[in-house]
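See below for the structure under consideration.
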Amino acid sequence: AALQVVARCLLELAGDRGLVARTGGGEFGILLPGMPEADAHGLFGPACKTMPVLVGGRMFGIGGTVGIAALDASAGVSQLLRRADVVFTGGRSLHAMSEGRNPNMHCFPSGIDFPHFARATQPGDIPGDLRDLPKPLLGYVGAVDERIDWPLVRAVCRTHPEWSVVFLGPLVLMKCCPIGEPNFHYLGAKDYAVLPDYLRGLDVCLIPWLVNDLTKFMSPTKTPEYLAAGRPVATTP
C-alpha cells in the first residue's frame, strides 16, 4: 500500500508521461532501499510498460540486499540506472558517484523537522534513565545496526571509563549491543516525540559508523537533527 501511495504521487508529478514502471500484472515497480537485486530485476524486466523509477536511499546494503557499492560493480543496477526515466539519490556523495549514468538524476539530501529537534535547546526535563547517569554523556540516537564501529565504541568506553556512552534506538538485525563495558548504556528505542528531551541531556552526540563502501555514501539524517538540537557532533569521517 505504501509503495502505491508513492507511485501515485510520482505519477501525478509526471503527468501524462507516466514515469513509474508497471509489471505485467499492473503493479507499481519502485526500487527501494532494502529491495533484493533479484526483486528489482523482476520488477523492471521486459514486462514493464514504461521505464522504471529508482529511488535510492540510506539503507542500501543492510542484510545482504543491493549495496551502494554494487552500483559500480553490478551491471544489472547500472542497466536500471540507464533505463530509468528519473533517478533520485539520497545524498550528495551517492549523486556524485552515479552522475553521468542518467541525464535526469536529482539529489534529495536528508531533511528534518527542525522545530521539533530545536526543542532540545530550550529548558526542559531530561528523562530519568538518562538524567541519573554520570556525566559527561556521549550519545548516539538512531538505528543500532551493522554500520556502527563497535571496536571504536568499545575503545572509547575503555579509554575513558569516566564517560557515559549512551545508545538510543531500535536494534536492527542484531539481538543486543556487543559492548559489555560498565559505562556503556543501551536505553532502547524511544518514541520520536521524546527524542528532543534525550538530546537535551547529552553533552556530545555521536555518529560512530564504520568507514566502508556502504557508509561513505550515506546521508545521515541524524547529523542535521543533532545540530538542530544544539549539540556538538563527533563522527567518523
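Identifiers in this document derive from the order of the C-alpha cells: chains are assigned A, B, ..., residues are numbered from 1 separately in each chain, and ligands are numbered from 1 in order of occurrence.
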
Could you give me, as a PyMOL selection string, the residues within 9 Å of Pro103 (chain A), counting only C-alpha atoms and dropping anything in the same chain fewer than 2 positions from it?
chain A and resi 82+85-87+99-101+105

Selected residues written out with N, CA and C atoms, as a short mmCIF file (atom, residue, chain, number, x, y, z; two decimals), in the first residue's frame:
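Final file, out.cif:
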```cif
data_model
loop_
_atom_site.label_atom_id
_atom_site.label_comp_id
_atom_site.auth_asym_id
_atom_site.auth_seq_id
_atom_site.Cartn_x
_atom_site.Cartn_y
_atom_site.Cartn_z
N ARG A 82 20.44 3.33 -16.25
CA ARG A 82 20.38 3.85 -17.63
C ARG A 82 18.95 3.82 -18.16
N ASP A 85 13.60 6.61 -16.20
CA ASP A 85 13.20 7.94 -16.65
C ASP A 85 13.73 9.00 -15.71
N VAL A 86 13.75 8.68 -14.42
CA VAL A 86 14.22 9.64 -13.43
C VAL A 86 14.86 8.87 -12.29
N VAL A 87 15.94 9.40 -11.73
CA VAL A 87 16.65 8.77 -10.63
C VAL A 87 16.77 9.77 -9.49
N GLU A 99 26.55 10.12 -11.08
CA GLU A 99 26.39 11.14 -12.12
C GLU A 99 26.91 10.64 -13.46
N GLY A 100 26.18 10.97 -14.50
CA GLY A 100 26.56 10.55 -15.84
C GLY A 100 25.88 9.28 -16.29
N ARG A 101 25.23 8.57 -15.38
CA ARG A 101 24.56 7.33 -15.75
C ARG A 101 23.13 7.56 -16.19
N MET A 105 18.80 12.93 -13.25
CA MET A 105 19.12 12.49 -11.90
C MET A 105 19.02 13.66 -10.94
#
```

Close residues, Leu138 (chain A) itself excluded, 8 Å, only C-alpha atoms, min 2 positions apart in chain, as a ChimeraX atom specification:
/A:136,140,163-166,202-206

Selected residues written out with N, CA, C and O atoms, as an mmCIF file, in the first residue's frame:
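Wrote it out as result_15.cif, contents follow:
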```
data_model
loop_
_atom_site.group_PDB
_atom_site.id
_atom_site.type_symbol
_atom_site.label_atom_id
_atom_site.label_comp_id
_atom_site.auth_asym_id
_atom_site.auth_seq_id
_atom_site.Cartn_x
_atom_site.Cartn_y
_atom_site.Cartn_z
ATOM 1 N N PRO A 136 30.489 13.269 31.720
ATOM 2 C CA PRO A 136 29.752 13.706 30.539
ATOM 3 C C PRO A 136 29.023 12.557 29.847
ATOM 4 O O PRO A 136 29.430 11.401 29.942
ATOM 5 N N TYR A 140 24.451 8.311 21.066
ATOM 6 C CA TYR A 140 24.076 8.003 19.681
ATOM 7 C C TYR A 140 22.582 7.763 19.660
ATOM 8 O O TYR A 140 22.053 6.995 20.469
ATOM 9 N N TRP A 163 33.481 8.525 31.308
ATOM 10 C CA TRP A 163 32.433 8.972 30.410
ATOM 11 C C TRP A 163 31.286 7.964 30.400
ATOM 12 O O TRP A 163 31.495 6.760 30.560
ATOM 13 N N SER A 164 30.076 8.451 30.156
ATOM 14 C CA SER A 164 28.927 7.576 29.917
ATOM 15 C C SER A 164 28.613 7.596 28.428
ATOM 16 O O SER A 164 28.352 8.661 27.850
ATOM 17 N N VAL A 165 28.667 6.426 27.803
ATOM 18 C CA VAL A 165 28.356 6.297 26.381
ATOM 19 C C VAL A 165 26.973 5.673 26.270
ATOM 20 O O VAL A 165 26.736 4.551 26.737
ATOM 21 N N VAL A 166 26.052 6.416 25.650
ATOM 22 C CA VAL A 166 24.636 6.048 25.649
ATOM 23 C C VAL A 166 24.168 5.819 24.216
ATOM 24 O O VAL A 166 24.436 6.635 23.329
ATOM 25 N N LEU A 202 22.261 15.243 26.489
ATOM 26 C CA LEU A 202 23.561 14.776 26.001
ATOM 27 C C LEU A 202 24.558 15.926 25.910
ATOM 28 O O LEU A 202 24.210 17.037 25.506
ATOM 29 N N ASP A 203 25.794 15.642 26.246
ATOM 30 C CA ASP A 203 26.864 16.637 26.118
ATOM 31 C C ASP A 203 27.477 16.614 24.721
ATOM 32 O O ASP A 203 27.887 17.654 24.198
ATOM 33 N N VAL A 204 27.566 15.437 24.128
ATOM 34 C CA VAL A 204 28.103 15.269 22.775
ATOM 35 C C VAL A 204 27.283 14.198 22.075
ATOM 36 O O VAL A 204 26.931 13.179 22.685
ATOM 37 N N CYS A 205 26.962 14.422 20.805
ATOM 38 C CA CYS A 205 26.248 13.424 20.010
ATOM 39 C C CYS A 205 27.228 12.714 19.080
ATOM 40 O O CYS A 205 28.135 13.338 18.529
ATOM 41 N N LEU A 206 27.026 11.417 18.910
ATOM 42 C CA LEU A 206 27.966 10.579 18.182
ATOM 43 C C LEU A 206 27.379 10.026 16.891
ATOM 44 O O LEU A 206 26.183 9.733 16.815
#
```

Using only C-alpha atoms, the residue out of A:Arg92, A:His116, A:Lys135, A:Lys190 with shortest distance to Met218 (chain A) is A:Arg92

One decimal, Å: what's the distance from CA of Pro109 (chain A) over to CA of Ile207 (chain A), could you say?
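Calculated distance between CA of Pro109 (chain A) and CA of Ile207 (chain A) is 17.3 Å.
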
Kindly provide the residues of region 79-147 of chain A that approach region 172-180 of chain A to within 12 Å, each paired with its closest atom pair and their distance in Å to one decimal, based on only C-alpha atoms, listed by chain and increasing number, as CSV.
```
residue,atom,partner,partner_atom,distance
A:Gly142,CA,A:Val172,CA,10.2
A:Ala143,CA,A:Val172,CA,6.5
A:Val144,CA,A:Val172,CA,5.9
A:Asp145,CA,A:Val172,CA,5.0
A:Glu146,CA,A:Leu173,CA,7.8
A:Arg147,CA,A:Val172,CA,10.2
```

Write to file, as a PDB file, in the first residue's frame, the residues of the selection just made, with all heavy atoms.
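The result, written out as again-v6.pdb:
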```
ATOM      1  N   GLY A 142      19.617   6.609  16.999  1.00  0.00           N
ATOM      2  CA  GLY A 142      19.317   6.113  15.663  1.00  0.00           C
ATOM      3  C   GLY A 142      19.293   4.598  15.653  1.00  0.00           C
ATOM      4  O   GLY A 142      19.380   3.940  16.693  1.00  0.00           O
ATOM      5  N   ALA A 143      19.160   4.043  14.443  1.00  0.00           N
ATOM      6  CA  ALA A 143      19.142   2.592  14.293  1.00  0.00           C
ATOM      7  C   ALA A 143      20.470   2.004  14.770  1.00  0.00           C
ATOM      8  O   ALA A 143      21.543   2.481  14.410  1.00  0.00           O
ATOM      9  CB  ALA A 143      18.889   2.222  12.836  1.00  0.00           C
ATOM     10  N   VAL A 144      20.390   0.991  15.591  1.00  0.00           N
ATOM     11  CA  VAL A 144      21.578   0.320  16.131  1.00  0.00           C
ATOM     12  C   VAL A 144      21.795  -0.922  15.278  1.00  0.00           C
ATOM     13  O   VAL A 144      21.061  -1.909  15.386  1.00  0.00           O
ATOM     14  CB  VAL A 144      21.376  -0.047  17.613  1.00  0.00           C
ATOM     15  CG1 VAL A 144      22.602  -0.745  18.174  1.00  0.00           C
ATOM     16  CG2 VAL A 144      21.043   1.206  18.422  1.00  0.00           C
ATOM     17  N   ASP A 145      22.811  -0.881  14.406  1.00  0.00           N
ATOM     18  CA  ASP A 145      22.957  -1.934  13.407  1.00  0.00           C
ATOM     19  C   ASP A 145      24.415  -2.128  13.014  1.00  0.00           C
ATOM     20  O   ASP A 145      25.329  -1.635  13.679  1.00  0.00           O
ATOM     21  CB  ASP A 145      22.094  -1.614  12.178  1.00  0.00           C
ATOM     22  CG  ASP A 145      22.393  -0.239  11.584  1.00  0.00           C
ATOM     23  OD1 ASP A 145      23.557   0.199  11.646  1.00  0.00           O
ATOM     24  OD2 ASP A 145      21.471   0.403  11.058  1.00  0.00           O
ATOM     25  N   GLU A 146      24.628  -2.816  11.914  1.00  0.00           N
ATOM     26  CA  GLU A 146      25.970  -3.214  11.481  1.00  0.00           C
ATOM     27  C   GLU A 146      26.814  -2.059  10.960  1.00  0.00           C
ATOM     28  O   GLU A 146      28.008  -2.235  10.713  1.00  0.00           O
ATOM     29  CB  GLU A 146      25.872  -4.296  10.406  1.00  0.00           C
ATOM     30  CG  GLU A 146      25.182  -3.836   9.136  1.00  0.00           C
ATOM     31  CD  GLU A 146      24.932  -4.965   8.153  1.00  0.00           C
ATOM     32  OE1 GLU A 146      24.860  -6.121   8.602  1.00  0.00           O
ATOM     33  OE2 GLU A 146      24.805  -4.691   6.953  1.00  0.00           O
ATOM     34  N   ARG A 147      26.226  -0.891  10.805  1.00  0.00           N
ATOM     35  CA  ARG A 147      27.029   0.257  10.371  1.00  0.00           C
ATOM     36  C   ARG A 147      27.927   0.785  11.481  1.00  0.00           C
ATOM     37  O   ARG A 147      28.903   1.498  11.205  1.00  0.00           O
ATOM     38  CB  ARG A 147      26.108   1.389   9.907  1.00  0.00           C
ATOM     39  CG  ARG A 147      25.275   1.065   8.685  1.00  0.00           C
ATOM     40  CD  ARG A 147      24.235   2.144   8.442  1.00  0.00           C
ATOM     41  NE  ARG A 147      23.301   2.239   9.560  1.00  0.00           N
ATOM     42  CZ  ARG A 147      22.359   3.173   9.658  1.00  0.00           C
ATOM     43  NH1 ARG A 147      22.251   4.091   8.715  1.00  0.00           N
ATOM     44  NH2 ARG A 147      21.537   3.187  10.686  1.00  0.00           N
TER      45      ARG A 147
END
```

Shortest interatomic distance to Trp209 (chain A) - which of A:Leu137, A:Ala189, A:Val153, A:Ile126, counting only C-alpha atoms:
A:Val153

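Among the candidates A:Ser93, A:Arg154, A:Leu168, A:Thr221, the residue lying nearest to Val194 (chain A) is A:Leu168 (atoms considered: only C-alpha atoms).
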
Which value, in Å to one decimal, gives the distance between CA of Ser219 (chain A) and CA of Gly91 (chain A)?
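Computed distance, CA of Ser219 (chain A) to CA of Gly91 (chain A), equals 5.0 Å.
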
Among the residues A:Cys157, A:Ala193, A:Leu80, A:Leu210, the one that comes closest to Arg119 (chain A) [using only C-alpha atoms]:
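Counting only C-alpha atoms, the residue closest to Arg119 (chain A) is A:Ala193.
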
If DSSP is run on the backbone, what residues of region 61-237 of chain A are helix (DSSP H, G or I)? A reply as a PyMOL selection string would be ideal.
chain A and resi 70-73+75-83+92-98+114-121+128-131+150-159+192-201+215-217+222-228

In region 90-191 of chain A, DSSP strand (DSSP E or B) residues written as a ChimeraX atom specification:
/A:105-107,137-141,144,148,164-168,171,184-186
